[in-house]
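A.B. asks: Contents of final31.tsv (TSV, C-alpha atoms):
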chain	number	residue	atom	x	y	z
A	1	MET	CA	58.21	5.54	-89.43
A	2	LYS	CA	59.22	5.89	-93.09
A	3	SER	CA	62.78	6.87	-92.16
A	4	LEU	CA	63.02	3.88	-89.80
A	5	VAL	CA	61.96	1.47	-92.57
A	6	LYS	CA	64.51	3.03	-94.91
A	7	LYS	CA	67.23	2.69	-92.28
A	8	LEU	CA	66.39	-0.98	-91.66
A	9	ALA	CA	66.28	-1.68	-95.40
A	10	ASN	CA	69.88	-0.52	-95.70
A	11	THR	CA	71.27	-2.68	-92.91
A	12	ASN	CA	73.13	-5.87	-93.85
A	13	ILE	CA	70.14	-8.07	-92.99
A	14	GLY	CA	67.79	-5.69	-94.80
A	15	ILE	CA	69.94	-5.80	-97.94
A	16	PHE	CA	70.10	-9.61	-97.72
A	17	PHE	CA	66.28	-9.83	-97.71
A	18	ARG	CA	65.99	-7.25	-100.50
A	19	ASN	CA	68.42	-9.25	-102.63
A	20	SER	CA	66.67	-12.53	-101.85
A	21	LEU	CA	63.31	-11.07	-102.89
A	22	LYS	CA	64.87	-9.06	-105.77
A	23	PHE	CA	63.30	-5.90	-104.36
A	24	LYS	CA	65.63	-3.02	-105.24
A	25	PRO	CA	68.66	-5.32	-104.92
A	26	VAL	CA	72.02	-3.98	-103.80
A	27	HIS	CA	75.05	-5.35	-105.65
A	28	LEU	CA	77.79	-3.41	-103.87
A	29	LYS	CA	77.49	-1.76	-100.45
A	30	HIS	CA	79.54	1.28	-99.58
A	31	PHE	CA	81.13	1.12	-96.16
A	32	THR	CA	81.44	3.79	-93.51
A	33	LYS	CA	84.38	3.72	-91.13
A	34	ASN	CA	85.97	6.28	-88.83
A	35	TYR	CA	89.38	5.86	-90.43
A	36	PRO	CA	90.86	6.18	-93.95
A	37	ILE	CA	90.49	2.97	-95.95
A	38	SER	CA	92.65	1.06	-98.41
A	39	VAL	CA	90.52	-1.18	-100.65
A	40	SER	CA	91.92	-4.06	-102.66
A	41	ASP	CA	90.48	-6.07	-105.50
A	42	ALA	CA	90.62	-9.84	-105.27
A	43	PHE	CA	93.46	-10.12	-107.79
A	44	LEU	CA	94.08	-13.45	-109.51
A	45	TRP	CA	97.53	-15.02	-109.80
A	46	ARG	CA	98.50	-17.99	-111.98
A	47	THR	CA	101.66	-20.08	-112.00
A	48	ASP	CA	100.02	-23.24	-113.42
A	49	ASN	CA	100.56	-24.61	-116.95
A	50	GLY	CA	103.57	-22.43	-117.72
A	51	TYR	CA	101.95	-19.21	-116.49
A	52	LYS	CA	103.48	-16.27	-114.69
A	53	THR	CA	101.69	-13.13	-113.53
A	54	LYS	CA	102.90	-9.55	-113.62
A	55	PHE	CA	101.34	-6.91	-111.38
A	56	LYS	CA	101.75	-3.19	-112.05
A	57	TYR	CA	100.73	-0.75	-109.32
A	58	SER	CA	101.16	2.87	-108.23
A	59	ASP	CA	102.10	4.47	-104.95
A	60	ILE	CA	98.71	6.14	-104.63
A	61	LEU	CA	99.48	7.88	-101.33
A	62	ALA	CA	102.54	9.58	-102.82
A	63	LEU	CA	100.90	10.29	-106.17
A	64	PHE	CA	97.67	11.88	-104.93
A	65	TYR	CA	98.37	12.90	-101.32
A	66	LYS	CA	102.12	13.68	-101.52
A	67	ILE	CA	102.71	11.35	-98.58
A	68	LYS	CA	106.29	10.12	-98.28
A	69	ASN	CA	107.49	6.84	-96.78
A	70	SER	CA	104.26	4.93	-97.42
A	71	TRP	CA	104.44	1.19	-98.01
A	72	VAL	CA	102.32	-1.68	-99.30
A	73	GLU	CA	101.63	-5.21	-98.19
A	74	PHE	CA	100.78	-8.11	-100.48
A	75	HIS	CA	98.75	-10.99	-99.02
A	76	PHE	CA	98.81	-14.13	-101.16
A	77	TYR	CA	96.23	-16.91	-100.81
A	78	SER	CA	95.76	-20.32	-102.39
A	79	LYS	CA	92.63	-21.23	-104.34
A	80	ASN	CA	91.29	-22.63	-101.04
A	81	ASN	CA	91.91	-19.32	-99.24
A	82	ASP	CA	94.94	-20.57	-97.30
A	83	LEU	CA	97.47	-17.82	-96.61
A	84	ILE	CA	100.69	-18.49	-98.58
A	85	LYS	CA	102.80	-15.42	-97.81
A	86	ILE	CA	102.76	-11.74	-96.84
A	87	GLU	CA	105.30	-9.38	-98.34
A	88	LYS	CA	105.88	-5.82	-97.19
A	89	ILE	CA	107.45	-3.47	-99.74
A	90	LYS	CA	108.97	-0.13	-98.75
A	91	ASN	CA	110.83	2.47	-100.81
A	92	LEU	CA	108.14	2.62	-103.46
A	93	ASP	CA	108.42	4.42	-106.78
A	94	LEU	CA	105.42	6.17	-108.27
A	95	SER	CA	105.12	3.19	-110.64
A	96	ASN	CA	106.01	-0.32	-109.44
A	97	GLU	CA	106.00	-3.88	-110.75
A	98	LEU	CA	105.91	-7.34	-109.20
A	99	GLU	CA	106.43	-10.58	-111.12
A	100	ILE	CA	104.70	-13.61	-109.61
A	101	THR	CA	106.30	-16.90	-110.66
A	102	SER	CA	106.22	-20.38	-109.16
A	103	LYS	CA	109.65	-19.67	-107.64
A	104	TYR	CA	108.31	-16.51	-105.98
A	105	LEU	CA	105.53	-18.62	-104.38
A	106	ASN	CA	107.82	-21.36	-103.04
A	107	ASN	CA	107.72	-23.40	-106.27
A	108	LEU	CA	103.93	-23.54	-106.22
A	109	GLU	CA	102.39	-24.21	-109.63
A	110	ASP	CA	98.73	-23.39	-109.14
A	111	TYR	CA	96.39	-20.40	-108.95
A	112	GLY	CA	94.78	-18.26	-106.28
A	113	THR	CA	94.21	-14.68	-105.15
A	114	PHE	CA	96.18	-11.82	-103.67
A	115	TYR	CA	95.41	-8.43	-102.17
A	116	ILE	CA	97.36	-5.16	-101.94
A	117	TYR	CA	97.00	-2.76	-99.00
A	118	HIS	CA	98.51	0.72	-98.76
A	119	TYR	CA	99.78	1.88	-95.39
A	120	SER	CA	101.11	5.11	-93.91
A	121	GLU	CA	101.92	6.61	-90.55
A	122	LYS	CA	99.22	8.96	-89.32
A	123	THR	CA	99.21	12.22	-91.21
A	124	ASP	CA	97.05	15.33	-91.57
A	125	GLN	CA	96.96	14.75	-95.33
A	126	LEU	CA	94.32	12.04	-94.86
A	127	ASN	CA	90.98	12.23	-93.10
A	128	ASN	CA	88.58	9.58	-91.87
A	129	GLN	CA	86.42	9.77	-95.01
A	130	ASP	CA	89.22	9.02	-97.48
A	131	ILE	CA	89.01	5.77	-99.46
A	132	ILE	CA	91.73	4.67	-101.88
A	133	SER	CA	91.51	1.73	-104.27
A	134	ASN	CA	94.43	0.53	-106.38
A	135	ARG	CA	92.62	-1.25	-109.23
A	136	CYS	CA	95.96	-1.84	-110.99
A	137	TYR	CA	96.86	-3.97	-114.02
A	138	LEU	CA	97.59	-7.68	-114.16
A	139	GLY	CA	99.51	-9.32	-116.98
A	140	TYR	CA	99.40	-13.04	-117.74
A	141	SER	CA	102.07	-14.78	-119.79
A	142	GLN	CA	102.04	-18.46	-120.75
A	143	ASN	CA	105.30	-20.15	-121.80
A	144	ASN	CA	107.12	-16.79	-121.83
A	145	ASN	CA	104.91	-15.31	-124.54
A	146	LEU	CA	103.79	-11.69	-124.47
A	147	TYR	CA	101.69	-10.63	-121.49
A	148	SER	CA	97.98	-10.03	-121.88
A	149	PHE	CA	96.90	-7.30	-119.43
A	150	VAL	CA	93.62	-6.76	-117.61
A	151	HIS	CA	92.73	-4.35	-114.80
A	152	GLY	CA	91.20	-5.23	-111.43
A	153	ASN	CA	87.86	-6.98	-111.57
A	154	THR	CA	86.20	-7.45	-108.17
A	155	LEU	CA	86.42	-5.38	-104.97
A	156	GLY	CA	87.39	-7.83	-102.26
A	157	ARG	CA	88.74	-6.55	-98.93
A	158	PHE	CA	89.66	-3.32	-97.13
A	159	THR	CA	91.56	-2.15	-94.08
A	160	ASN	CA	92.77	0.89	-92.13
A	161	ILE	CA	95.58	2.82	-93.83
A	162	PHE	CA	97.03	3.89	-90.49
A	163	SER	CA	97.25	0.61	-88.62
A	164	LYS	CA	96.86	-3.16	-88.71
A	165	GLU	CA	93.12	-3.28	-88.13
A	166	ASN	CA	91.25	-6.47	-88.92
A	167	ILE	CA	90.80	-6.80	-92.66
A	168	SER	CA	87.13	-6.46	-93.63
A	169	THR	CA	85.17	-7.82	-96.57
A	170	ASP	CA	81.63	-8.31	-97.97
A	171	ILE	CA	81.57	-5.25	-100.23
A	172	VAL	CA	79.86	-7.54	-102.76
A	173	LYS	CA	76.46	-8.70	-101.55
A	174	THR	CA	74.63	-12.03	-101.71
A	175	SER	CA	71.09	-13.39	-101.55
A	176	PHE	CA	69.49	-16.53	-100.12
A	177	PHE	CA	68.42	-17.85	-103.52
A	178	GLN	CA	70.29	-18.38	-106.79
A	179	ASN	CA	68.02	-15.81	-108.37
A	180	HIS	CA	70.50	-13.48	-110.08
A	181	THR	CA	71.62	-14.14	-113.64
A	182	TYR	CA	74.63	-12.58	-115.35
A	183	THR	CA	75.19	-13.14	-119.07
A	184	ILE	CA	78.72	-12.54	-120.37
A	185	GLN	CA	78.74	-10.24	-123.39
A	186	LYS	CA	81.01	-12.40	-125.50
A	187	TYR	CA	80.60	-15.05	-128.20
A	188	PHE	CA	82.95	-17.89	-127.20
A	189	ASN	CA	82.61	-20.05	-130.29
A	190	ASN	CA	85.54	-18.52	-132.21
A	191	PHE	CA	88.24	-19.75	-129.82
A	192	ASP	CA	90.00	-23.08	-129.29
A	193	GLU	CA	89.43	-22.99	-125.55
A	194	ASN	CA	87.92	-20.67	-122.93
A	195	GLU	CA	88.45	-20.58	-119.17
A	196	LEU	CA	86.53	-18.59	-116.59
A	197	PHE	CA	88.43	-17.60	-113.46
A	198	PHE	CA	86.03	-17.06	-110.53
A	199	VAL	CA	86.80	-15.67	-107.10
A	200	ASN	CA	84.32	-15.50	-104.25
A	201	PRO	CA	84.65	-11.91	-102.95
A	202	THR	CA	82.53	-12.56	-99.84
A	203	SER	CA	82.83	-14.23	-96.45
A	204	LYS	CA	79.95	-16.59	-97.32
A	205	THR	CA	79.77	-19.73	-99.45
A	206	ILE	CA	78.29	-18.87	-102.81
A	207	LYS	CA	76.48	-21.14	-105.26
A	208	PHE	CA	76.31	-20.78	-109.01
A	209	ASN	CA	75.31	-22.65	-112.14
A	210	ILE	CA	77.05	-22.67	-115.54
A	211	GLU	CA	76.00	-24.87	-118.47
A	212	ASN	CA	73.73	-26.87	-116.12
A	213	GLU	CA	76.67	-27.64	-113.82
A	214	TYR	CA	76.42	-26.59	-110.17
A	215	PHE	CA	79.26	-25.17	-108.09
A	216	LYS	CA	79.87	-24.22	-104.47
A	217	LEU	CA	82.69	-21.83	-103.74
A	218	GLY	CA	83.84	-21.22	-100.17
A	219	PRO	CA	84.60	-17.79	-98.73
A	220	HIS	CA	87.33	-16.02	-100.74
A	221	CYS	CA	88.14	-19.22	-102.65
A	222	SER	CA	88.79	-19.28	-106.41
A	223	ILE	CA	88.22	-21.71	-109.26
A	224	LEU	CA	89.17	-22.08	-112.94
A	225	HIS	CA	86.50	-23.61	-115.15
A	226	LYS	CA	86.52	-24.43	-118.87
A	227	VAL	CA	83.35	-23.62	-120.81
A	228	LYS	CA	82.12	-25.02	-124.12
A	229	SER	CA	78.96	-23.10	-124.99
A	230	PRO	CA	79.06	-20.11	-127.36
A	231	MET	CA	77.07	-17.99	-124.88
A	232	ILE	CA	77.50	-18.19	-121.12
A	233	SER	CA	75.02	-17.21	-118.42
A	234	ILE	CA	75.82	-17.52	-114.72
A	235	LYS	CA	73.00	-18.03	-112.25
A	236	SER	CA	74.11	-17.28	-108.72
A	237	ASN	CA	73.29	-16.07	-105.23
A	238	CYS	CA	76.17	-13.59	-105.53
A	239	LEU	CA	75.19	-10.23	-107.05
A	240	PHE	CA	78.54	-9.42	-108.63
A	241	LEU	CA	80.05	-12.74	-109.69
A	242	ARG	CA	82.04	-11.47	-112.65
A	243	PRO	CA	84.78	-13.87	-113.83
A	244	THR	CA	88.03	-13.06	-115.58
A	245	ILE	CA	88.13	-14.69	-119.04
A	246	PHE	CA	91.06	-16.53	-120.62
A	247	SER	CA	90.51	-17.23	-124.32
A	248	TYR	CA	92.95	-19.23	-126.48
A	249	LYS	CA	93.38	-19.25	-130.26
A	250	GLY	CA	96.49	-21.15	-131.38
A	251	LYS	CA	99.37	-19.39	-129.61
A	252	TYR	CA	97.18	-16.31	-129.05
A	253	LEU	CA	95.97	-15.53	-125.52
A	254	ASP	CA	93.38	-12.89	-124.63
A	255	VAL	CA	92.62	-12.10	-120.99
A	256	HIS	CA	89.88	-9.66	-119.98
A	257	HIS	CA	87.13	-9.19	-117.44
A	258	SER	CA	83.59	-10.17	-118.35
Is it possible to give me this structure as structure tokens?
C.D. replies:
Amino acid sequence: MKSLVKKLANTNIGIFFRNSLKFKPVHLKHFTKNYPISVSDAFLWRTDNGYKTKFKYSDILALFYKIKNSWVEFHFYSKNNDLIKIEKIKNLDLSNELEITSKYLNNLEDYGTFYIYHYSEKTDQLNNQDIISNRCYLGYSQNNNLYSFVHGNTLGRFTNIFSKENISTDIVKTSFFQNHTYTIQKYFNNFDENELFFVNPTSKTIKFNIENEYFKLGPHCSILHKVKSPMISIKSNCLFLRPTIFSYKGKYLDVHHS
């Protein structure tokens, strides 16, 4: 009986009720699949207000598994989760770089998300328990100034390394109520302006509150929001709603995760 209760408590519906009642809540749920998995963060791109984004990534399959002829796919989405483009890149080096400008995104000056997936033909060098995650580094430059770099922030989606399986999500968990509070460990009062860049890493609509202002964010959508208070707390029904921070001081730009 005890083992049955434990098993039920770790199902998706069990975790949802635990999170809603704040009884041993689960922020991130590990996934079990019968194939090797490539996990991507929900990376944030910007081409608005003079921005361009630089993405640095490694060929993980070659670096750690000595697999040759692997490739990656980039999936770019708008802030409303509309697919913009998919780009497949072969002939990878161990270290690679992609610059994301408005021209690269069909002259789009806006912001959104993108994901990177690593693929390979079937090989004995990987087994069904292998999980790779390219957390990578993102650089943001405004008006051609120096890039400010930050690494990946939120696990978003995953897929099969060997084939084009459906892309899965919901690594980050939610609750029924807005009963989870996250306070950013930063004092914002010493900057001219501060922006929080949120992405919903789940397939559900999430709700959150900042500075007594309420927001709804659709599945995998993103939003930029300026804040004014010196200390920021986020009350949400998402258990890992961790924004990327853009802080401005004169011509100085600092980008980091919260």
A.B. asks: Find the residue from A:Phe64, A:Tyr119, A:Tyr104, A:Phe240 that sits nearest to Val39 in chain A; use all atoms listed in the file when measuring.
C.D. replies: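 Looking only at the distances to Val39 in chain A, the closest residue turns out to be A:Tyr119.
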A.B. asks: Measuring atom to atom with only C-alpha atoms, identify which of A:Phe197, A:Phe76, A:Tyr137, A:Tyr115 is nearest to Ala42 in chain A.
C.D. replies: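 Answer, going by the shortest atom-to-atom distance: A:Tyr115.
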A.B. asks: Find the spatial neighbours of Gln142 in chain A, counting all atoms listed in the file, within a cut-off of 10 Å - ignore same-chain residues fewer than 5 positions away - and output them as a PDB file with C-alpha atoms, in the coordinates of the input.
C.D. replies:
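File around.pdb, as written:
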ATOM      1  CA  ARG A  46      98.500 -17.990-111.980  1.00  0.00           C
ATOM      2  CA  THR A  47     101.660 -20.080-112.000  1.00  0.00           C
ATOM      3  CA  ASP A  48     100.020 -23.240-113.420  1.00  0.00           C
ATOM      4  CA  ASN A  49     100.560 -24.610-116.950  1.00  0.00           C
ATOM      5  CA  GLY A  50     103.570 -22.430-117.720  1.00  0.00           C
ATOM      6  CA  TYR A  51     101.950 -19.210-116.490  1.00  0.00           C
ATOM      7  CA  LYS A  52     103.480 -16.270-114.690  1.00  0.00           C
ATOM      8  CA  THR A  53     101.690 -13.130-113.530  1.00  0.00           C
ATOM      9  CA  TYR A 147     101.690 -10.630-121.490  1.00  0.00           C
ATOM     10  CA  SER A 148      97.980 -10.030-121.880  1.00  0.00           C
ATOM     11  CA  LYS A 251      99.370 -19.390-129.610  1.00  0.00           C
ATOM     12  CA  TYR A 252      97.180 -16.310-129.050  1.00  0.00           C
ATOM     13  CA  LEU A 253      95.970 -15.530-125.520  1.00  0.00           C
TER      14      LEU A 253
END
A.B. asks: Would you please work out which residue, of A:Ser120, A:Ala62, A:Lys88, A:Tyr140, is nearest to Ile100 in chain A when using all atoms listed in the file?
C.D. replies: A:Tyr140
A.B. asks: Do you have the CA of Phe43 in chain A-CA of Leu155 in chain A distance handy?
C.D. replies: 8.9 Å
A.B. asks: Which one of A:Asn91, A:Thr154, A:Asn143, A:Asn69 sits closest to Lys122 in chain A if you count only C-alpha atoms?
C.D. replies: A:Asn69
A.B. asks: Give the answer as one residue: which of A:Lys79, A:Lys33, A:Lys226, A:Lys235 has the shortest atom-to-atom distance to Ser247 in chain A, using all atoms listed in the file?
C.D. replies: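 Looking at the shortest contact to Ser247 in chain A, the residue is A:Lys226.
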A.B. asks: Determine the nearest neighbour of Ser78 in chain A from the options A:Lys173, A:Lys54, A:His220, A:Lys164, counting all atoms listed in the file.
C.D. replies: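 For Ser78 in chain A, the nearest of the candidates is A:His220.
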A.B. asks: Using Å and a single decimal, report how far CA of Tyr77 in chain A sits from CA of Thr113 in chain A.
C.D. replies: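 CA of Tyr77 in chain A lies 5.3 Å from CA of Thr113 in chain A.
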A.B. asks: With a distance cut-off of 8 Å and all atoms listed in the file, select the neighbouring residues of range 211-215 of chain A, excluding the residue or stretch itself and same-chain residues fewer than 2 positions from it, and output the selection as a CSV table (one decimal) with C-alpha atoms, in the frame of the given file.
C.D. replies:
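selection.csv, written as the output of this step:
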chain,number,residue,atom,x,y,z
A,207,LYS,CA,76.5,-21.1,-105.3
A,208,PHE,CA,76.3,-20.8,-109.0
A,209,ASN,CA,75.3,-22.6,-112.1
A,217,LEU,CA,82.7,-21.8,-103.7
A,227,VAL,CA,83.4,-23.6,-120.8
A,229,SER,CA,79.0,-23.1,-125.0
A,232,ILE,CA,77.5,-18.2,-121.1
A,233,SER,CA,75.0,-17.2,-118.4
A.B. asks: Which residues, written as a ChimeraX atom specification, have at least one atom at most 9 Å from Lys90 in chain A, with all atoms listed in the file counted and residues fewer than 2 positions away on the same chain left out?
C.D. replies: /A:69-73,88,92
A.B. asks: Skipping near chain neighbours, those fewer than 6 positions away, what residues fall within 8 Å of Leu224 in chain A using all atoms listed in the file, listed as a ChimeraX atom specification?
C.D. replies: /A:195-198
A.B. asks: Quote the spacing between CA of Phe114 in chain A and CA of Asp41 in chain A in Å to one decimal place.
C.D. replies: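 Interatomic distance, CA of Phe114 in chain A to CA of Asp41 in chain A: 8.3 Å.
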